[in-house]
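Trainee: Starting off with a structure, shown below.
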Amino acid sequence: MTNNQLWPFIPADAKSLVELGDSGTKEHYQRINPQGEYISIDAEDPNRDISPSSVDCLLCNDALSHLPQPGVFLEQAATWLQPEGQVLARVANPQHWHRIVHLLRGNWEYNPIHQFTRNSIKELFAAAGLRVYEIQTIDSKGEEFPEFLRLMAPIIPALGIDSATFATQTGAAEYLIRATKSPTPPRRLFIQTIMMAPTGCDRVRVIEPDTFSATIPGVRTFSQVKSANLNAGLPNEEKVFIWQRTILSYPDSIPQLKQLLQRDYLIVAEIDDDPLRRPEYEENNFLSYRGCHCVQTSTAPLAAYLRQHNPNVAVFPNQLAYLPPWGDGDPTAAPGGRRGDGEITIFFGALNRENDWQPIMASLNKILSQHQGRVRCQVIHDRRFFDALAIPEKEFTPFCPYERYLEILSSCDLALLPLAETRINSMKSDLKFLECAGHGAAVLASPTVYEQSVITGETGLIYHNTTEFESMLNQLITDGEMRQRLATNAYHWVAQNRLLCQHYRQRRDWYLQMRDQLPRLNQELHDRVPELIDN
């Protein structure tokens, strides 16, 4: 097993992270939270002078079983933790079926200093003043495991062992333990999402927030594309059901909403684009928003519109989940080590932007012709924009995976972010600026949307007409020092203000707040959609 088994559970906002051993966690974690402090403890000598109540999370990986005194270490480590601090650990399971078979054959190979079963794990942590709130199994069954269970079937009842428990315990190669110093059990919340628009917006609106939310004790997340398993919740969980960009049909979707209400879900609509772009929303009496307890969205203008259909709206702006290191140790360089010398690469990549770039295309070609041979363009998805560029130094990439998109963006020096002043555009988010800033590309942007985020002259440039566009683009091409300064300032602004690690808990807190107000929300929902009341 690799040590990164614990990485998905590290609290993304941990200010201080301590690891027993070194598994490359520092590099991984600083992409999520570059402000966080990382301390590695030598597993051979785990004694360290760490201030009491200063640590948010302790990673133990698979080292606990090999410590001479794991209980003593955990007691000491518990004093380092702040009151809500967590411990994440991996412990090998001595009851794994491979080890049982090896023992029966006289070939015992597993020889740590200590061996822990599920029960003794809980006892070990409890003795240190830590509450184990979750133990997951890291399975390693193999093709022969069913045959092992079949052979053991006559013996298990005779030993007074439950067959299901035996199968779970012997199938686990390791246990993943999540514990907290808090004496209060975490409130259990199940966040379930049906993704109806998985291309383009699922990552930033569902997948990454879910990944971060799942690091909060008591929170479990689950998403599916265009389907939903309403049996996925557990009896002790408070449930949230999120319709991501779903167009509910009136009245055909009423039975689905009734079913969610009967199963005690908080029903949430998720939308990050102007609903009036799709006439189907209005044609179905805006049931997608009226038929939910509440709505979550990405911008304040969107929220203002949505409150016409549902007063319970929360704004969760788009954020960057990961940030590449800046300049590979060179403070004057951008991510990837670019210093802005030599050929300049301009980036443009967007969906449905033809009406936005047409007003600046003549000006763009004018400036490009003045710098023929020194400037090249990278274009993603928009073939018409690519064809309209009047220089041969250009490269086109069709719609591509997000990782490839970021790779191309990271190779560029500046990016064009045009948005015309329209109703639809006014409701869009500034995500494109965040991505450019996070990957070292200075931006030349329109005032629509971006004027709310870009500090012109400091973190980018804002143009208001074609004359300004030409002047600013020419300056960005010719003035490498200014271009690098804008990119550097934007990167650090995003690092300090717009990382998901700084905001992700807001969703969980709002869901719990809405769960606490379900009687009011149910009454409002029935007032808006009387058809939901069972007769």
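Each chain in the structure tokens gets a letter, A, B and so on, in the order shown; residues start at 1 in every chain, and ligands are counted from 1 in the order they appear.
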So which residues touch Gln115 (chain A) within 8 Å, counting only C-alpha atoms, skipping near sequence neighbours fewer than 6 positions away, as an MDAnalysis selection string?

Mentor: chainID A and resid 65 92:94

Trainee: Take the residues just selected and output them with all heavy atoms as a CSV table (one decimal), in the first residue's frame.

Mentor:
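Output (selection.csv):
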```
chain,number,residue,atom,x,y,z
A,65,SER,N,2.3,0.5,14.2
A,65,SER,CA,2.5,-0.9,14.6
A,65,SER,C,4.0,-1.1,14.8
A,65,SER,O,4.4,-2.1,15.5
A,65,SER,CB,2.0,-1.8,13.5
A,65,SER,OG,0.6,-1.7,13.4
A,92,ALA,N,-1.9,-2.1,9.6
A,92,ALA,CA,-2.1,-3.4,8.9
A,92,ALA,C,-3.0,-4.3,9.8
A,92,ALA,O,-2.9,-4.3,11.0
A,92,ALA,CB,-0.7,-4.0,8.7
A,93,ASN,N,-3.8,-5.1,9.1
A,93,ASN,CA,-4.7,-6.0,9.7
A,93,ASN,C,-4.1,-7.4,9.9
A,93,ASN,O,-3.9,-8.1,8.9
A,93,ASN,CB,-6.0,-6.1,8.9
A,93,ASN,CG,-7.0,-7.1,9.5
A,93,ASN,OD1,-7.0,-7.4,10.6
A,93,ASN,ND2,-7.9,-7.5,8.6
A,94,PRO,N,-3.8,-7.9,11.1
A,94,PRO,CA,-3.3,-9.2,11.3
A,94,PRO,C,-4.2,-10.3,10.9
A,94,PRO,O,-3.8,-11.5,10.8
A,94,PRO,CB,-2.9,-9.2,12.8
A,94,PRO,CG,-3.8,-8.3,13.4
A,94,PRO,CD,-4.0,-7.2,12.4
```

Trainee: Using only C-alpha atoms, determine which residues lie at most 12 Å from Thr184 (chain A), disregarding the query and same-chain residues fewer than 5 positions distant; provide the list as a ChimeraX atom specification.

Mentor: /A:83-84,130-133,179,217-218

Trainee: May I have the selected residues written with C-alpha atoms, as an mmCIF file, in the first residue's frame?

Mentor:
```cif
data_model
loop_
_atom_site.group_PDB
_atom_site.id
_atom_site.type_symbol
_atom_site.label_atom_id
_atom_site.label_comp_id
_atom_site.auth_asym_id
_atom_site.auth_seq_id
_atom_site.Cartn_x
_atom_site.Cartn_y
_atom_site.Cartn_z
ATOM 1 C CA PRO A 83 -9.301 20.826 20.480
ATOM 2 C CA GLU A 84 -10.817 19.792 17.118
ATOM 3 C CA LEU A 130 -8.796 10.282 21.121
ATOM 4 C CA ARG A 131 -12.211 9.384 19.701
ATOM 5 C CA VAL A 132 -12.192 7.036 16.691
ATOM 6 C CA TYR A 133 -15.134 8.183 14.587
ATOM 7 C CA ALA A 179 -9.910 9.989 15.040
ATOM 8 C CA PRO A 217 -15.372 14.599 10.361
ATOM 9 C CA GLY A 218 -18.853 13.163 9.909
#
```

Trainee: Based on the backbone DSSP call, show me all residues of region 211-421 of chain A assigned helix (DSSP H, G or I), as an MDAnalysis selection string.

Mentor: chainID A and resid 211:213 254:262 275:277 279:283 287:290 300:306 327:329 335:337 354:370 383:388 402:410

Trainee: Which one is closest to Ala420 (chain A): A:Ile247, A:Pro398, A:Pro68, A:Ala445? Count only C-alpha atoms.

Mentor: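 When distances to Ala420 (chain A) are compared using only C-alpha atoms, the smallest one comes from A:Ala445.
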
Trainee: So that I can check the surroundings of Arg290 (chain A), please list as a list in words every protein, DNA and RNA residue that reaches within 8 Å of it, counting only C-alpha atoms and ignoring chain neighbours fewer than 5 positions away.

Mentor: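 Contacts, with the query itself left out: His309, Asn310, Leu525, Arg528 and Val529 of chain A.
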
Trainee: Would you list the contacts of Arg384 (chain A) as a VMD selection string, taking every protein, DNA or RNA residue within 9 Å and counting only C-alpha atoms, but skipping same-chain residues closer than 4 positions in sequence?

Mentor: chain A and resid 354 388 to 389

Trainee: Please list as an NGL selection string every residue within 8 Å of Thr246 (chain A), counting only C-alpha atoms and excluding residues in the same chain fewer than 3 positions away.

Mentor: :A and (195-197 or 243 or 269 or 288)

Trainee: For all heavy atoms, I'd like the residues from the last selection saved as a PDB file, in the first residue's frame.

Mentor:
```pdb
ATOM      1  N   MET A 195     -25.441  14.625 -11.092  1.00  0.00           N
ATOM      2  CA  MET A 195     -24.809  15.561 -12.022  1.00  0.00           C
ATOM      3  C   MET A 195     -25.438  15.407 -13.402  1.00  0.00           C
ATOM      4  O   MET A 195     -25.255  14.384 -14.065  1.00  0.00           O
ATOM      5  CB  MET A 195     -23.298  15.309 -12.081  1.00  0.00           C
ATOM      6  CG  MET A 195     -22.584  15.565 -10.765  1.00  0.00           C
ATOM      7  SD  MET A 195     -20.778  15.476 -10.884  1.00  0.00           S
ATOM      8  CE  MET A 195     -20.557  13.720 -11.226  1.00  0.00           C
ATOM      9  N   MET A 196     -26.151  16.429 -13.826  1.00  0.00           N
ATOM     10  CA  MET A 196     -26.804  16.399 -15.125  1.00  0.00           C
ATOM     11  C   MET A 196     -26.003  17.123 -16.198  1.00  0.00           C
ATOM     12  O   MET A 196     -26.334  17.052 -17.373  1.00  0.00           O
ATOM     13  CB  MET A 196     -28.199  17.010 -15.018  1.00  0.00           C
ATOM     14  CG  MET A 196     -29.112  16.300 -14.032  1.00  0.00           C
ATOM     15  SD  MET A 196     -29.315  14.529 -14.386  1.00  0.00           S
ATOM     16  CE  MET A 196     -30.294  14.619 -15.898  1.00  0.00           C
ATOM     17  N   ALA A 197     -24.950  17.857 -15.800  1.00  0.00           N
ATOM     18  CA  ALA A 197     -24.074  18.543 -16.761  1.00  0.00           C
ATOM     19  C   ALA A 197     -22.630  18.262 -16.367  1.00  0.00           C
ATOM     20  O   ALA A 197     -21.931  19.142 -15.865  1.00  0.00           O
ATOM     21  CB  ALA A 197     -24.353  20.028 -16.776  1.00  0.00           C
ATOM     22  N   TRP A 243     -29.500  18.656  -6.910  1.00  0.00           N
ATOM     23  CA  TRP A 243     -29.748  18.548  -8.360  1.00  0.00           C
ATOM     24  C   TRP A 243     -28.778  19.501  -9.059  1.00  0.00           C
ATOM     25  O   TRP A 243     -28.962  20.717  -9.007  1.00  0.00           O
ATOM     26  CB  TRP A 243     -31.167  18.969  -8.718  1.00  0.00           C
ATOM     27  CG  TRP A 243     -32.295  18.188  -8.120  1.00  0.00           C
ATOM     28  CD1 TRP A 243     -32.994  18.493  -6.994  1.00  0.00           C
ATOM     29  CD2 TRP A 243     -32.906  17.012  -8.658  1.00  0.00           C
ATOM     30  NE1 TRP A 243     -33.995  17.574  -6.792  1.00  0.00           N
ATOM     31  CE2 TRP A 243     -33.968  16.659  -7.800  1.00  0.00           C
ATOM     32  CE3 TRP A 243     -32.657  16.217  -9.796  1.00  0.00           C
ATOM     33  CZ2 TRP A 243     -34.784  15.542  -8.031  1.00  0.00           C
ATOM     34  CZ3 TRP A 243     -33.469  15.119 -10.019  1.00  0.00           C
ATOM     35  CH2 TRP A 243     -34.511  14.782  -9.147  1.00  0.00           C
ATOM     36  N   ALA A 269     -31.027  22.825  -5.190  1.00  0.00           N
ATOM     37  CA  ALA A 269     -30.727  23.008  -6.609  1.00  0.00           C
ATOM     38  C   ALA A 269     -29.359  23.673  -6.737  1.00  0.00           C
ATOM     39  O   ALA A 269     -29.054  24.615  -6.012  1.00  0.00           O
ATOM     40  CB  ALA A 269     -31.784  23.875  -7.276  1.00  0.00           C
ATOM     41  N   SER A 288     -37.431  23.554 -11.162  1.00  0.00           N
ATOM     42  CA  SER A 288     -36.064  23.211 -10.752  1.00  0.00           C
ATOM     43  C   SER A 288     -35.625  23.995  -9.522  1.00  0.00           C
ATOM     44  O   SER A 288     -34.762  23.534  -8.770  1.00  0.00           O
ATOM     45  CB  SER A 288     -35.090  23.485 -11.905  1.00  0.00           C
ATOM     46  OG  SER A 288     -35.414  22.691 -13.022  1.00  0.00           O
TER      47      SER A 288
END
```

Trainee: Can you list every residue of region 298-324 of chain A that has an atom at most 12 Å from region 399-413 of chain A, with its nearest atom pair and the distance in Å to one decimal, using only C-alpha atoms, ordered by chain then number, as CSV?

Mentor:
```
residue,atom,partner,partner_atom,distance
A:Tyr322,CA,A:Leu406,CA,11.2
A:Leu323,CA,A:Leu406,CA,11.0
A:Pro324,CA,A:Ser410,CA,9.6
```

Trainee: Quick one: residues within 10 Å of Ala126 (chain A), only C-alpha atoms counted, chain neighbours fewer than 2 positions away excluded, as a list in words?

Mentor: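 Here the answer would be Gly71, Leu74, Glu75, Ser120, Ile121, Lys122, Glu123, Leu124, Ala128, Gly129, Leu130, Arg131, Val132, Ala179 and Lys181 of chain A.
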
Trainee: Counting only C-alpha atoms, which of A:Gln378, A:Glu531, A:Pro255, A:Arg508 gets nearest to Glu238 (chain A)?

Mentor: A:Arg508

Trainee: How far is it from CA of Cys436 (chain A) to CA of Leu414 (chain A), in Å with one decimal?

Mentor: 8.1 Å

Trainee: Between CA of Ser426 (chain A) and CA of Leu473 (chain A), what is the spacing in Å?

Mentor: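 CA of Ser426 (chain A) lies 23.5 Å from CA of Leu473 (chain A).
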
Trainee: With the cut-off set at 12 Å and counting only C-alpha atoms, tabulate each residue of region 305-423 of chain A with an atom at most that distance from an atom of region 271-275 of chain A, showing the nearest atom pair and its distance in Å to one decimal, ordered by chain and increasing number, as CSV.

Mentor:
```
residue,atom,partner,partner_atom,distance
A:Tyr305,CA,A:Asp274,CA,8.7
A:Leu306,CA,A:Pro275,CA,8.7
A:His309,CA,A:Pro275,CA,11.2
A:Val313,CA,A:Ile271,CA,10.7
A:Ala314,CA,A:Ile271,CA,10.9
A:Val315,CA,A:Asp272,CA,9.8
A:Phe316,CA,A:Asp272,CA,9.7
A:Pro317,CA,A:Asp272,CA,9.3
A:Asn318,CA,A:Asp272,CA,9.3
A:Thr422,CA,A:Asp274,CA,11.1
A:Arg423,CA,A:Asp274,CA,8.2
```

Trainee: Quick one: everything within 9 Å of Gly171 (chain A), counting only C-alpha atoms, minus sequence neighbours fewer than 5 positions away in the same chain. Send it as a PDB file with N, CA and C atoms, in the first residue's frame.

Mentor:
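Everything below was put into part34.pdb:
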```
ATOM      1  N   GLN A  95      -5.552  -9.991  10.806  1.00  0.00           N
ATOM      2  CA  GLN A  95      -6.565 -11.006  10.493  1.00  0.00           C
ATOM      3  C   GLN A  95      -6.829 -11.134   8.992  1.00  0.00           C
ATOM      4  N   HIS A  96      -6.033 -10.456   8.162  1.00  0.00           N
ATOM      5  CA  HIS A  96      -6.230 -10.570   6.719  1.00  0.00           C
ATOM      6  C   HIS A  96      -6.091 -12.029   6.293  1.00  0.00           C
ATOM      7  N   TRP A  97      -6.893 -12.437   5.349  1.00  0.00           N
ATOM      8  CA  TRP A  97      -6.975 -13.857   5.022  1.00  0.00           C
ATOM      9  C   TRP A  97      -5.649 -14.429   4.523  1.00  0.00           C
ATOM     10  N   HIS A  98      -4.852 -13.615   3.837  1.00  0.00           N
ATOM     11  CA  HIS A  98      -3.529 -14.088   3.403  1.00  0.00           C
ATOM     12  C   HIS A  98      -2.681 -14.482   4.614  1.00  0.00           C
ATOM     13  N   THR A 137     -12.022   0.030   5.741  1.00  0.00           N
ATOM     14  CA  THR A 137     -11.183  -1.093   5.344  1.00  0.00           C
ATOM     15  C   THR A 137     -10.500  -0.787   4.021  1.00  0.00           C
ATOM     16  N   ILE A 138      -9.235  -1.107   3.934  1.00  0.00           N
ATOM     17  CA  ILE A 138      -8.499  -1.041   2.673  1.00  0.00           C
ATOM     18  C   ILE A 138      -8.373  -2.484   2.202  1.00  0.00           C
ATOM     19  N   ASP A 139      -9.239  -2.848   1.277  1.00  0.00           N
ATOM     20  CA  ASP A 139      -9.375  -4.260   0.917  1.00  0.00           C
ATOM     21  C   ASP A 139      -8.265  -4.746   0.007  1.00  0.00           C
ATOM     22  N   SER A 140      -7.962  -6.013   0.167  1.00  0.00           N
ATOM     23  CA  SER A 140      -7.045  -6.722  -0.734  1.00  0.00           C
ATOM     24  C   SER A 140      -7.475  -8.175  -0.730  1.00  0.00           C
ATOM     25  N   LYS A 141      -8.472  -8.479  -1.564  1.00  0.00           N
ATOM     26  CA  LYS A 141      -9.102  -9.803  -1.498  1.00  0.00           C
ATOM     27  C   LYS A 141      -8.529 -10.788  -2.511  1.00  0.00           C
ATOM     28  N   GLY A 142      -8.450 -10.381  -3.751  1.00  0.00           N
ATOM     29  CA  GLY A 142      -7.937 -11.282  -4.771  1.00  0.00           C
ATOM     30  C   GLY A 142      -8.969 -12.292  -5.221  1.00  0.00           C
ATOM     31  N   PHE A 145     -10.241 -15.208  -2.716  1.00  0.00           N
ATOM     32  CA  PHE A 145     -10.921 -14.894  -1.458  1.00  0.00           C
ATOM     33  C   PHE A 145     -12.268 -15.606  -1.329  1.00  0.00           C
ATOM     34  N   PHE A 166     -16.840 -11.631   9.651  1.00  0.00           N
ATOM     35  CA  PHE A 166     -15.631 -12.373   9.294  1.00  0.00           C
ATOM     36  C   PHE A 166     -15.176 -12.014   7.880  1.00  0.00           C
TER      37      PHE A 166
END
```
